[in-house]
Protein chains: 2
Amino acid sequence: MGDGTKTLRIGLAGLGTVGVSVIKSLVQNKNGPFFMDCQGVGVVAVSARNRARDRGVDLSPYRWYDDPAAMAAADDIDCVVELIGGAEGAAFDTVRTALAQGKHVVTANKALLATHGLELAETAEQRGVALAFEAAVAGGIPVIKTLREALVGNRVTKVAGILNGTCNFILTTMESYHFNGGERRARSAAAGDNSRPEGDNFAFTESLAEAQRLGYAEADPTSDIEGFDSAYKLAILSSLAFGTVIDFDGVHTEGISRVSLFDLKMADELGFRIKLLGVAELSDEGLEQRVQPTMVLKNGALGGVSGVTNALKITADMIGELTLVGPGAGGAATASAVLSDIADVAKGRVVRPFGIAGRSLKRAPRRKSSVHTGGFYIRVRVFDRPGVAAQVTRRMAEQGISLESILQKRDETAARIDPAGRSGAPVPVVLITYATTEDAVRTALERMQNDELLTEQPLLVRIERT
Amino acid sequence: MGDGTKTLRIGLAGLGTVGVSVIKSLVQNKNGPFFMDCQGVGVVAVSARNRARDRGVDLSPYRWYDDPAAMAAADDIDCVVELIGGAEGAAFDTVRTALAQGKHVVTANKALLATHGLELAETAEQRGVALAFEAAVAGGIPVIKTLREALVGNRVTKVAGILNGTCNFILTTMESYHFNGGERRARSAAAGDNSRPEGDNFAFTESLAEAQRLGYAEADPTSDIEGFDSAYKLAILSSLAFGTVIDFDGVHTEGISRVSLFDLKMADELGFRIKLLGVAELSDEGLEQRVQPTMVLKNGALGGVSGVTNALKITADMIGELTLVGPGAGGAATASAVLSDIADVAKGRVVRPFGIAGRSLKRAPRRKSSVHTGGFYIRVRVFDRPGVAAQVTRRMAEQGISLESILQKRDETAARIDPAGRSGAPVPVVLITYATTEDAVRTALERMQNDELLTEQPLLVRIERT
């Protein structure tokens, strides 16, 4: 039992918003109700790229290192908190050095874990130290602890989550263009910007810009909006949920950049929201991991999650369903997860990084995506000519796909593209399928493309009645 | 680090649905991904009141005790799992005996914890053993672990939860009378039962009966529907959230038996749901703990929680808000929490029961309910006579209470009471207040009662915009 006398000397690598928040909290919380049990816990050294930068926190009490790996090797460091980021380079060197020298590691680095997690976990186990990473997935929501410790008696069959706050903020902001009766759009038009190229996804572009303005998206938002950030996190969650070796390369990954305002509007009319959902399922046919725009029930556990909030829904044999909703990012929320890991280490609660020994993790075969059957939302854009709908539906029927509905609508959100609405101009057609396979849908769409029916790449969205 | 070699010999007291589920799971999960680390964990002895009862599980491998305290004292028991229930008697004896003899205890007993938690925790700490109780609150949702470990760096300011599945099932079932266009009611009338006394809350009575039929409510449902079960749980959560001594007697407790179909309908029209909510808040003015019917936003995190599902929303400085939603009861879900505690003990993760030493828990003063300001829903029933509304509103104004709205409606759900709808018969009047104190409202209602305006006791429901 943690008796408050243990000392844990921390070396902190990476002084961004999370790192600064960890330092502030450790200082402030010394007398908090729970950290009073961790009086011996404190930062002794820090490392970052730029020593000169003003971070709004007094760093003078801490020894400075330009090289975080050198800090990790220092004799008086018991625990390295790695907040550098990135799968390789300084972060990898620092963590590897620390573990090899028998030091505990607390990290928020999802890319590192998803890429080198098994190797690092095995080193940690050999040395009997912690490799803790609550902060790597879903910010302040304790998803790691829940899967690894709270659900230990369960067989988890599925995890489904909104794992990237940036994407969820963008999608929610795009929806507000629709739900606020075009008010945003009018504002944007009033700004005189009517120079966009045909087909430009203006709602996405503007929402991304807003995310960047608010600090929710980085200057280069690729990792977030193309789904890689979510894929790292999903790969880590899969491993914890199913006791399988992390398989990041096995995550089918699609981003949100092709989701348009029109699609969000259609989803709303159908009773859904479109979310960038990470879903991992283990079945007899193998492990399926996918990150892609997905329709979820508007009134379901995930449909109501808006803004930068994250959520994870876990399905397991004993508990049925458990949903955790909370802050997916932000300095303080992520620091909360880091502090949780630090307290566990300080109190002697060192656990195997993935719940069981790294060598005991199973290598699950990847489930073929052709196996999955479910409903799909398909949005194609076709020339508005007689007979087009018949050609589209014939191609679907050839693949044995039954349609729940087919909607051909004038896309009001793209009115600028063809203000005259003249016949022959591209119009969106939405197809909602009954249960079918993704392979069948993709084949049908390929045929349509060969027929030169489609004026742009179609959008395919899975429907999860969740 | 748990290395799989540790032995944990369990004595299980209480063989209801949870106990049987624990036994089954321990046998089945031996080869599960995570329990493989707990090979030495197993039940060696059991105890229950009735040995003869067929529980659908083979008990022959386990030694039988008629006296659970004797089992707790047996030399070959390392850990007692107490699933007897009740604050006193056999459960208390068993847990006290086990701890005194330096044995770990895992319990689902909220009444015991809420009543004797501090004393038991101090014994556990002295003996360096676990007193683990994840299963005591919110079934399969890891609320204890989250508050005690995951949010350790946070200052929690508020917890608000749906903590009793029976009540939530009843309220949700009652709503279905309204939302299903009276279909249930028609069915009930067709059954020829029109003999109810005037004023009978038939929707509540029938929903309770349905809960009992489905096994969600006990034969004597008092503890659930009068809020005591929720109050036990809230008292435990408060202690963990704020680092304060459990103060069960300080929980202001009201049940749901006076919530009528009319109230649920009014709530719906106003954009709310009525839930039996447990709310604990710590502020400079002290600790406030209350269990009472409360209006929550229909589309908020708690408004959508239906049936026997439980939910807890935690507000804290670093994470902002975190919401956990899952199964609040049921054999398997509760057993999941018990197994989580067993695994922690088996893997050497023994923590202080309340996060910090029992002697370090603060004794927070109780906040006076007169301090709280907020909006209220007040339903009175008055004789439908000229001037009544003026008298009611004057009594409110005298207490400085501003009304957001006043609704005088014919109560269609109580049409049987006065089919003729003749003037002078009692009619419900609903008052929605702006922020005010509960004391002011109660005073105004007392005055109305003295005026002999009211035909029955008024219903007062707090509004939480959550």
# chains A, B, ... in the order shown; residues from 1 in each chain; ligands from 1

call {"tool": "interface_residues", "arguments": {"of": "chain A", "to": "chain B", "cutoff": "6 Å", "atoms": "only C-alpha atoms", "output": "PyMOL selection string"}}
result
chain A and resi 1+33-34+140+150+152-153+243+318-319+321-326+332-333+336+339-340+349-351

call {"tool": "write_last_selection", "arguments": {"atoms": "N, CA, C and O atoms", "output": "CSV table (one decimal), in the first residue's frame"}}
result
chain,number,residue,atom,x,y,z
A,1,MET,N,0.8,-1.2,0.0
A,1,MET,CA,0.0,0.0,0.0
A,1,MET,C,0.9,1.2,0.0
A,1,MET,O,1.8,1.3,0.7
A,33,PRO,N,-6.4,16.5,-2.1
A,33,PRO,CA,-6.8,15.3,-1.3
A,33,PRO,C,-6.0,14.0,-1.6
A,33,PRO,O,-5.8,13.3,-0.7
A,34,PHE,N,-5.7,13.8,-2.8
A,34,PHE,CA,-5.1,12.5,-3.1
A,34,PHE,C,-3.6,12.6,-3.4
A,34,PHE,O,-2.9,11.6,-3.0
A,140,GLY,N,-8.2,12.8,-21.2
A,140,GLY,CA,-8.5,12.7,-19.8
A,140,GLY,C,-9.5,11.6,-19.5
A,140,GLY,O,-9.8,11.3,-18.3
A,150,ALA,N,-10.3,-2.5,-15.1
A,150,ALA,CA,-11.7,-2.6,-14.7
A,150,ALA,C,-12.5,-3.8,-15.4
A,150,ALA,O,-13.3,-4.4,-14.8
A,152,VAL,N,-11.2,-6.6,-16.6
A,152,VAL,CA,-10.3,-7.7,-16.6
A,152,VAL,C,-11.0,-9.0,-16.7
A,152,VAL,O,-10.5,-10.0,-17.3
A,153,GLY,N,-12.2,-9.1,-16.1
A,153,GLY,CA,-12.9,-10.4,-16.1
A,153,GLY,C,-13.7,-10.6,-17.4
A,153,GLY,O,-14.3,-11.7,-17.6
A,243,GLY,N,-6.3,-8.4,-26.0
A,243,GLY,CA,-5.1,-9.2,-25.6
A,243,GLY,C,-4.3,-9.6,-26.9
A,243,GLY,O,-3.7,-10.7,-26.9
A,318,MET,N,-19.6,-9.5,-19.9
A,318,MET,CA,-20.2,-9.4,-18.6
A,318,MET,C,-21.0,-8.1,-18.4
A,318,MET,O,-22.0,-8.0,-17.8
A,319,ILE,N,-20.3,-7.0,-18.9
A,319,ILE,CA,-21.0,-5.7,-18.7
A,319,ILE,C,-21.9,-5.3,-19.8
A,319,ILE,O,-22.7,-4.3,-19.6
A,321,GLU,N,-22.6,-3.1,-22.3
A,321,GLU,CA,-22.0,-1.9,-22.9
A,321,GLU,C,-21.7,-0.9,-21.8
A,321,GLU,O,-22.4,-0.7,-20.9
A,322,LEU,N,-20.5,-0.3,-22.1
A,322,LEU,CA,-20.0,0.7,-21.2
A,322,LEU,C,-19.6,1.9,-22.1
A,322,LEU,O,-18.8,1.6,-23.0
A,323,THR,N,-20.0,3.1,-21.8
A,323,THR,CA,-19.6,4.2,-22.6
A,323,THR,C,-18.9,5.3,-21.7
A,323,THR,O,-19.5,5.6,-20.6
A,324,LEU,N,-17.8,5.7,-22.1
A,324,LEU,CA,-17.1,6.8,-21.4
A,324,LEU,C,-17.0,8.0,-22.3
A,324,LEU,O,-16.6,7.9,-23.5
A,325,VAL,N,-17.4,9.1,-21.8
A,325,VAL,CA,-17.4,10.4,-22.6
A,325,VAL,C,-16.6,11.5,-21.8
A,325,VAL,O,-16.9,11.7,-20.6
A,326,GLY,N,-15.7,12.1,-22.5
A,326,GLY,CA,-15.0,13.2,-21.8
A,326,GLY,C,-14.0,13.9,-22.7
A,326,GLY,O,-14.1,13.8,-23.9
A,332,ALA,N,-4.7,20.4,-19.8
A,332,ALA,CA,-5.0,20.0,-18.4
A,332,ALA,C,-5.6,18.6,-18.4
A,332,ALA,O,-5.3,17.7,-17.6
A,333,ALA,N,-6.5,18.3,-19.4
A,333,ALA,CA,-7.2,16.9,-19.4
A,333,ALA,C,-6.1,15.9,-19.7
A,333,ALA,O,-6.2,14.8,-19.0
A,336,SER,N,-4.1,15.3,-16.6
A,336,SER,CA,-4.8,14.5,-15.7
A,336,SER,C,-4.5,13.1,-15.8
A,336,SER,O,-4.2,12.3,-14.8
A,339,LEU,N,-0.9,12.4,-14.7
A,339,LEU,CA,-0.8,12.4,-13.2
A,339,LEU,C,-1.3,11.1,-12.6
A,339,LEU,O,-0.8,10.5,-11.7
A,340,SER,N,-2.4,10.5,-13.3
A,340,SER,CA,-2.9,9.3,-12.8
A,340,SER,C,-1.8,8.2,-13.0
A,340,SER,O,-1.6,7.4,-12.1
A,349,ARG,N,1.8,0.7,-7.9
A,349,ARG,CA,0.9,-0.1,-8.8
A,349,ARG,C,1.4,-0.2,-10.2
A,349,ARG,O,0.9,0.4,-11.1
A,350,VAL,N,2.5,-1.0,-10.3
A,350,VAL,CA,3.1,-1.2,-11.6
A,350,VAL,C,2.5,-2.4,-12.3
A,350,VAL,O,2.5,-3.5,-11.7
A,351,VAL,N,1.9,-2.2,-13.4
A,351,VAL,CA,1.2,-3.2,-14.1
A,351,VAL,C,1.9,-3.5,-15.4
A,351,VAL,O,2.6,-2.7,-16.0

call {"tool": "select_by_dssp", "arguments": {"residues": "segment 340-449 of chain A", "states": "alpha helix (DSSP H)", "output": "NGL selection string"}}
result
:A and (340-346 or 388-398 or 438-449)

call {"tool": "write_last_selection", "arguments": {"atoms": "N, CA, C and O atoms", "output": "short mmCIF file (atom, residue, chain, number, x, y, z; two decimals), in the first residue's frame"}}
result
data_model
loop_
_atom_site.label_atom_id
_atom_site.label_comp_id
_atom_site.auth_asym_id
_atom_site.auth_seq_id
_atom_site.Cartn_x
_atom_site.Cartn_y
_atom_site.Cartn_z
N SER A 340 -2.38 10.55 -13.27
CA SER A 340 -2.91 9.26 -12.85
C SER A 340 -1.84 8.18 -12.97
O SER A 340 -1.64 7.37 -12.05
N ASP A 341 -1.13 8.19 -14.08
CA ASP A 341 -0.05 7.21 -14.27
C ASP A 341 1.08 7.43 -13.27
O ASP A 341 1.64 6.48 -12.71
N ILE A 342 1.43 8.69 -13.05
CA ILE A 342 2.51 9.00 -12.10
C ILE A 342 2.12 8.50 -10.71
O ILE A 342 2.93 7.89 -10.00
N ALA A 343 0.86 8.73 -10.32
CA ALA A 343 0.42 8.30 -8.99
C ALA A 343 0.47 6.78 -8.88
O ALA A 343 0.88 6.23 -7.85
N ASP A 344 0.05 6.08 -9.93
CA ASP A 344 0.12 4.62 -9.90
C ASP A 344 1.55 4.14 -9.69
O ASP A 344 1.82 3.24 -8.88
N VAL A 345 2.48 4.76 -10.41
CA VAL A 345 3.88 4.38 -10.27
C VAL A 345 4.37 4.70 -8.86
O VAL A 345 4.99 3.86 -8.19
N ALA A 346 4.04 5.90 -8.39
CA ALA A 346 4.50 6.33 -7.06
C ALA A 346 3.95 5.42 -5.97
O ALA A 346 4.61 5.18 -4.95
N VAL A 388 -30.18 7.97 -65.73
CA VAL A 388 -29.01 7.82 -64.86
C VAL A 388 -29.35 6.98 -63.63
O VAL A 388 -28.60 6.07 -63.26
N ALA A 389 -30.48 7.28 -63.01
CA ALA A 389 -30.85 6.55 -61.79
C ALA A 389 -30.99 5.06 -62.10
O ALA A 389 -30.57 4.20 -61.31
N ALA A 390 -31.55 4.75 -63.24
CA ALA A 390 -31.71 3.35 -63.63
C ALA A 390 -30.34 2.67 -63.78
O ALA A 390 -30.14 1.53 -63.34
N GLN A 391 -29.39 3.38 -64.39
CA GLN A 391 -28.05 2.79 -64.57
C GLN A 391 -27.38 2.54 -63.22
O GLN A 391 -26.74 1.52 -62.99
N VAL A 392 -27.51 3.54 -62.32
CA VAL A 392 -26.90 3.42 -60.99
C VAL A 392 -27.49 2.22 -60.24
O VAL A 392 -26.77 1.38 -59.71
N THR A 393 -28.81 2.13 -60.22
CA THR A 393 -29.43 1.07 -59.45
C THR A 393 -29.16 -0.30 -60.09
O THR A 393 -29.06 -1.30 -59.38
N ARG A 394 -29.01 -0.35 -61.42
CA ARG A 394 -28.71 -1.64 -62.06
C ARG A 394 -27.34 -2.16 -61.60
O ARG A 394 -27.18 -3.33 -61.30
N ARG A 395 -26.38 -1.25 -61.55
CA ARG A 395 -25.03 -1.65 -61.11
C ARG A 395 -25.05 -2.19 -59.68
O ARG A 395 -24.28 -3.08 -59.33
N MET A 396 -25.90 -1.61 -58.83
CA MET A 396 -26.02 -2.10 -57.46
C MET A 396 -26.66 -3.48 -57.47
O MET A 396 -26.19 -4.41 -56.80
N ALA A 397 -27.72 -3.62 -58.23
CA ALA A 397 -28.45 -4.89 -58.27
C ALA A 397 -27.55 -6.02 -58.78
O ALA A 397 -27.61 -7.16 -58.28
N GLU A 398 -26.71 -5.71 -59.73
CA GLU A 398 -25.78 -6.73 -60.27
C GLU A 398 -24.91 -7.35 -59.18
O GLU A 398 -24.49 -8.49 -59.26
N GLU A 438 -18.72 -4.50 -48.03
CA GLU A 438 -18.06 -3.32 -48.59
C GLU A 438 -17.50 -3.66 -49.97
O GLU A 438 -17.50 -2.82 -50.87
N ASP A 439 -17.03 -4.89 -50.13
CA ASP A 439 -16.48 -5.30 -51.43
C ASP A 439 -17.52 -5.18 -52.54
O ASP A 439 -17.23 -4.69 -53.64
N ALA A 440 -18.72 -5.65 -52.25
CA ALA A 440 -19.79 -5.58 -53.26
C ALA A 440 -20.06 -4.12 -53.64
O ALA A 440 -20.18 -3.79 -54.82
N VAL A 441 -20.10 -3.26 -52.62
CA VAL A 441 -20.36 -1.85 -52.89
C VAL A 441 -19.25 -1.25 -53.74
O VAL A 441 -19.49 -0.56 -54.72
N ARG A 442 -18.01 -1.57 -53.37
CA ARG A 442 -16.89 -0.99 -54.11
C ARG A 442 -16.87 -1.46 -55.57
O ARG A 442 -16.55 -0.70 -56.48
N THR A 443 -17.22 -2.72 -55.78
CA THR A 443 -17.27 -3.23 -57.16
C THR A 443 -18.33 -2.50 -57.97
O THR A 443 -18.09 -2.06 -59.10
N ALA A 444 -19.50 -2.32 -57.36
CA ALA A 444 -20.58 -1.61 -58.05
C ALA A 444 -20.15 -0.19 -58.41
O ALA A 444 -20.40 0.30 -59.52
N LEU A 445 -19.47 0.47 -57.47
CA LEU A 445 -19.03 1.85 -57.71
C LEU A 445 -17.98 1.91 -58.82
O LEU A 445 -17.96 2.83 -59.64
N GLU A 446 -17.11 0.90 -58.85
CA GLU A 446 -16.10 0.84 -59.92
C GLU A 446 -16.76 0.73 -61.29
O GLU A 446 -16.36 1.39 -62.25
N ARG A 447 -17.76 -0.12 -61.35
CA ARG A 447 -18.48 -0.28 -62.62
C ARG A 447 -19.10 1.05 -63.06
O ARG A 447 -19.05 1.42 -64.22
N MET A 448 -19.69 1.75 -62.08
CA MET A 448 -20.30 3.06 -62.41
C MET A 448 -19.24 4.02 -62.93
O MET A 448 -19.50 4.80 -63.84
N GLN A 449 -18.06 3.94 -62.31
CA GLN A 449 -16.99 4.82 -62.76
C GLN A 449 -16.58 4.47 -64.19
O GLN A 449 -16.36 5.35 -65.02
#

call {"tool": "atom_distance", "arguments": {"atom1": "atom CA of Ala425 of chain B", "atom2": "atom CA of Arg258 of chain B"}}
result
20.2 Å

call {"tool": "closest_residue", "arguments": {"among": "B:Leu403, B:Leu12, B:Val371, B:Leu118", "to": "Thr94 of chain B", "atoms": "only C-alpha atoms"}}
result
B:Leu12

call {"tool": "select_by_dssp", "arguments": {"residues": "segment 164-349 of chain A", "states": "strand (DSSP E or B)", "output": "count of residues only"}}
result
44

call {"tool": "residues_around", "arguments": {"residues": "Ser402 of chain A", "least_positions_apart": "5", "cutoff": "10 Å", "atoms": "only C-alpha atoms", "output": "ChimeraX atom specification"}}
result
/A:375,393,396-397,431-436

call {"tool": "write_last_selection", "arguments": {"atoms": "N, CA and C atoms", "output": "mmCIF file, in the first residue's frame"}}
result
data_model
loop_
_atom_site.group_PDB
_atom_site.id
_atom_site.type_symbol
_atom_site.label_atom_id
_atom_site.label_comp_id
_atom_site.auth_asym_id
_atom_site.auth_seq_id
_atom_site.Cartn_x
_atom_site.Cartn_y
_atom_site.Cartn_z
ATOM 1 N N GLY A 375 -25.091 -1.998 -43.364
ATOM 2 C CA GLY A 375 -25.676 -1.015 -44.267
ATOM 3 C C GLY A 375 -24.671 0.066 -44.615
ATOM 4 N N THR A 393 -28.806 2.133 -60.224
ATOM 5 C CA THR A 393 -29.430 1.068 -59.447
ATOM 6 C C THR A 393 -29.164 -0.304 -60.086
ATOM 7 N N MET A 396 -25.899 -1.607 -58.834
ATOM 8 C CA MET A 396 -26.020 -2.098 -57.462
ATOM 9 C C MET A 396 -26.663 -3.485 -57.466
ATOM 10 N N ALA A 397 -27.724 -3.619 -58.230
ATOM 11 C CA ALA A 397 -28.451 -4.890 -58.268
ATOM 12 C C ALA A 397 -27.552 -6.020 -58.779
ATOM 13 N N LEU A 431 -27.625 6.635 -51.904
ATOM 14 C CA LEU A 431 -28.141 5.271 -51.841
ATOM 15 C C LEU A 431 -27.931 4.744 -50.430
ATOM 16 N N ILE A 432 -28.977 4.222 -49.838
ATOM 17 C CA ILE A 432 -28.853 3.571 -48.528
ATOM 18 C C ILE A 432 -29.081 2.082 -48.768
ATOM 19 N N THR A 433 -28.079 1.283 -48.430
ATOM 20 C CA THR A 433 -28.198 -0.151 -48.697
ATOM 21 C C THR A 433 -28.698 -0.904 -47.482
ATOM 22 N N TYR A 434 -29.313 -2.025 -47.726
ATOM 23 C CA TYR A 434 -29.504 -3.008 -46.660
ATOM 24 C C TYR A 434 -28.157 -3.688 -46.434
ATOM 25 N N ALA A 435 -28.086 -4.620 -45.494
ATOM 26 C CA ALA A 435 -26.814 -5.275 -45.189
ATOM 27 C C ALA A 435 -26.189 -5.852 -46.447
ATOM 28 N N THR A 436 -24.927 -5.494 -46.648
ATOM 29 C CA THR A 436 -24.170 -5.996 -47.789
ATOM 30 C C THR A 436 -22.696 -5.929 -47.402
#

call {"tool": "residues_around", "arguments": {"residues": "Gly255 of chain A", "least_positions_apart": "4", "cutoff": "7 Å", "atoms": "only C-alpha atoms", "output": "PyMOL selection string"}}
result
chain A and resi 225-227+292-293

call {"tool": "write_last_selection", "arguments": {"atoms": "all heavy atoms", "output": "PDB file, in the first residue's frame"}}
result
ATOM      1  N   ILE A 225      -6.953  14.848 -39.617  1.00  0.00           N
ATOM      2  CA  ILE A 225      -8.107  14.759 -40.522  1.00  0.00           C
ATOM      3  C   ILE A 225      -8.049  13.557 -41.448  1.00  0.00           C
ATOM      4  O   ILE A 225      -9.072  13.104 -41.940  1.00  0.00           O
ATOM      5  CB  ILE A 225      -8.347  16.070 -41.317  1.00  0.00           C
ATOM      6  CG1 ILE A 225      -7.216  16.330 -42.293  1.00  0.00           C
ATOM      7  CG2 ILE A 225      -8.577  17.238 -40.396  1.00  0.00           C
ATOM      8  CD1 ILE A 225      -7.472  17.559 -43.153  1.00  0.00           C
ATOM      9  N   GLU A 226      -6.871  13.006 -41.678  1.00  0.00           N
ATOM     10  CA  GLU A 226      -6.814  11.801 -42.502  1.00  0.00           C
ATOM     11  C   GLU A 226      -6.954  10.518 -41.686  1.00  0.00           C
ATOM     12  O   GLU A 226      -6.842   9.414 -42.210  1.00  0.00           O
ATOM     13  CB  GLU A 226      -5.550  11.790 -43.355  1.00  0.00           C
ATOM     14  CG  GLU A 226      -5.492  12.912 -44.405  1.00  0.00           C
ATOM     15  CD  GLU A 226      -6.744  12.991 -45.306  1.00  0.00           C
ATOM     16  OE1 GLU A 226      -7.447  11.974 -45.455  1.00  0.00           O
ATOM     17  OE2 GLU A 226      -7.014  14.098 -45.825  1.00  0.00           O
ATOM     18  N   GLY A 227      -7.135  10.678 -40.369  1.00  0.00           N
ATOM     19  CA  GLY A 227      -7.465   9.518 -39.544  1.00  0.00           C
ATOM     20  C   GLY A 227      -6.289   8.778 -38.915  1.00  0.00           C
ATOM     21  O   GLY A 227      -6.493   7.819 -38.175  1.00  0.00           O
ATOM     22  N   GLN A 292     -13.004   5.319 -39.984  1.00  0.00           N
ATOM     23  CA  GLN A 292     -13.619   5.893 -41.171  1.00  0.00           C
ATOM     24  C   GLN A 292     -14.866   6.685 -40.789  1.00  0.00           C
ATOM     25  O   GLN A 292     -15.431   6.476 -39.719  1.00  0.00           O
ATOM     26  CB  GLN A 292     -13.962   4.803 -42.190  1.00  0.00           C
ATOM     27  CG  GLN A 292     -14.848   3.716 -41.669  1.00  0.00           C
ATOM     28  CD  GLN A 292     -14.959   2.498 -42.585  1.00  0.00           C
ATOM     29  OE1 GLN A 292     -15.527   1.489 -42.189  1.00  0.00           O
ATOM     30  NE2 GLN A 292     -14.436   2.562 -43.785  1.00  0.00           N
ATOM     31  N   PRO A 293     -15.269   7.603 -41.665  1.00  0.00           N
ATOM     32  CA  PRO A 293     -16.513   8.314 -41.395  1.00  0.00           C
ATOM     33  C   PRO A 293     -17.632   7.286 -41.306  1.00  0.00           C
ATOM     34  O   PRO A 293     -17.749   6.410 -42.163  1.00  0.00           O
ATOM     35  CB  PRO A 293     -16.694   9.201 -42.634  1.00  0.00           C
ATOM     36  CG  PRO A 293     -15.342   9.320 -43.244  1.00  0.00           C
ATOM     37  CD  PRO A 293     -14.672   8.014 -42.951  1.00  0.00           C
TER      38      PRO A 293
END

call {"tool": "residues_around", "arguments": {"residues": "Gly286 of chain B", "least_positions_apart": "2", "cutoff": "9 Å", "atoms": "only C-alpha atoms", "output": "compact mmCIF listing (two decimals) with N, CA, C and O atoms, in the first residue's frame"}}
result
# COMPACT_ATOMS: atom_id res chain seq x y z
N GLU B 281 -21.90 17.95 -4.04
CA GLU B 281 -21.07 19.10 -4.42
C GLU B 281 -20.29 19.56 -3.20
O GLU B 281 -20.85 19.67 -2.12
N LEU B 282 -19.02 19.85 -3.45
CA LEU B 282 -18.21 20.43 -2.38
C LEU B 282 -17.86 21.86 -2.77
O LEU B 282 -17.33 22.10 -3.85
N SER B 283 -18.18 22.78 -1.90
CA SER B 283 -17.84 24.18 -2.16
C SER B 283 -17.36 24.78 -0.85
O SER B 283 -17.29 24.11 0.18
N ASP B 284 -17.04 26.07 -0.90
CA ASP B 284 -16.57 26.74 0.31
C ASP B 284 -17.63 26.71 1.41
O ASP B 284 -17.32 26.82 2.59
N GLU B 288 -22.69 19.36 0.02
CA GLU B 288 -24.11 19.14 -0.16
C GLU B 288 -24.30 17.78 -0.83
O GLU B 288 -23.67 17.49 -1.84
N ALA B 364 -16.16 17.41 6.35
CA ALA B 364 -16.69 18.63 5.72
C ALA B 364 -18.01 19.01 6.38
O ALA B 364 -18.84 18.15 6.65
N PRO B 365 -18.20 20.30 6.66
CA PRO B 365 -19.51 20.72 7.19
C PRO B 365 -20.58 20.51 6.13
O PRO B 365 -20.29 20.56 4.93
N ARG B 366 -21.79 20.26 6.58
CA ARG B 366 -22.89 20.11 5.62
C ARG B 366 -23.33 21.49 5.15
O ARG B 366 -23.50 22.39 5.96
N ARG B 367 -23.50 21.62 3.86
CA ARG B 367 -23.98 22.88 3.33
C ARG B 367 -25.47 22.99 3.58
O ARG B 367 -26.21 22.04 3.36
N LYS B 368 -25.89 24.14 4.02
CA LYS B 368 -27.33 24.33 4.24
C LYS B 368 -28.04 24.34 2.90
O LYS B 368 -27.58 24.98 1.96

call {"tool": "residues_around", "arguments": {"residues": "Asp66 of chain B", "least_positions_apart": "4", "cutoff": "10 Å", "atoms": "only C-alpha atoms", "output": "MDAnalysis selection string"}}
result
chainID B and resid 13 46:51 70:71

call {"tool": "write_last_selection", "arguments": {"atoms": "C-alpha atoms", "output": "mmCIF file, in the first residue's frame"}}
result
data_model
loop_
_atom_site.group_PDB
_atom_site.id
_atom_site.type_symbol
_atom_site.label_atom_id
_atom_site.label_comp_id
_atom_site.auth_asym_id
_atom_site.auth_seq_id
_atom_site.Cartn_x
_atom_site.Cartn_y
_atom_site.Cartn_z
ATOM 1 C CA ALA B 13 -20.147 -15.278 1.162
ATOM 2 C CA VAL B 46 -18.580 -20.643 -0.027
ATOM 3 C CA SER B 47 -21.283 -19.663 2.408
ATOM 4 C CA ALA B 48 -24.946 -18.820 2.061
ATOM 5 C CA ARG B 49 -28.152 -19.110 4.044
ATOM 6 C CA ASN B 50 -29.668 -22.005 2.165
ATOM 7 C CA ARG B 51 -27.399 -24.865 1.181
ATOM 8 C CA ALA B 70 -16.316 -18.739 10.402
ATOM 9 C CA MET B 71 -15.310 -18.982 6.758
#

call {"tool": "atom_distance", "arguments": {"atom1": "atom CA of Lys409 of chain B", "atom2": "atom CA of Leu270 of chain B"}}
result
13.8 Å

call {"tool": "closest_residue", "arguments": {"among": "A:Arg213, A:Lys265, A:Arg379, A:Lys103", "to": "Ser176 of chain A", "atoms": "only C-alpha atoms"}}
result
A:Lys265

call {"tool": "closest_residue", "arguments": {"among": "B:Val106, B:Val429, B:Leu302, B:Leu287", "to": "Ser369 of chain B", "atoms": "only C-alpha atoms"}}
result
B:Leu287

call {"tool": "residues_around", "arguments": {"residues": "Ile10 of chain B", "least_positions_apart": "3", "cutoff": "8 Å", "atoms": "only C-alpha atoms", "output": "list of chain:residue names"}}
result
B:Val41, B:Gly42, B:Val43, B:Val44, B:Ala45, B:Ile77, B:Asp78, B:Cys79, B:Val80, B:Val81

call {"tool": "atom_distance", "arguments": {"atom1": "atom CA of Lys233 of chain B", "atom2": "atom CA of Leu15 of chain B"}}
result
22.0 Å
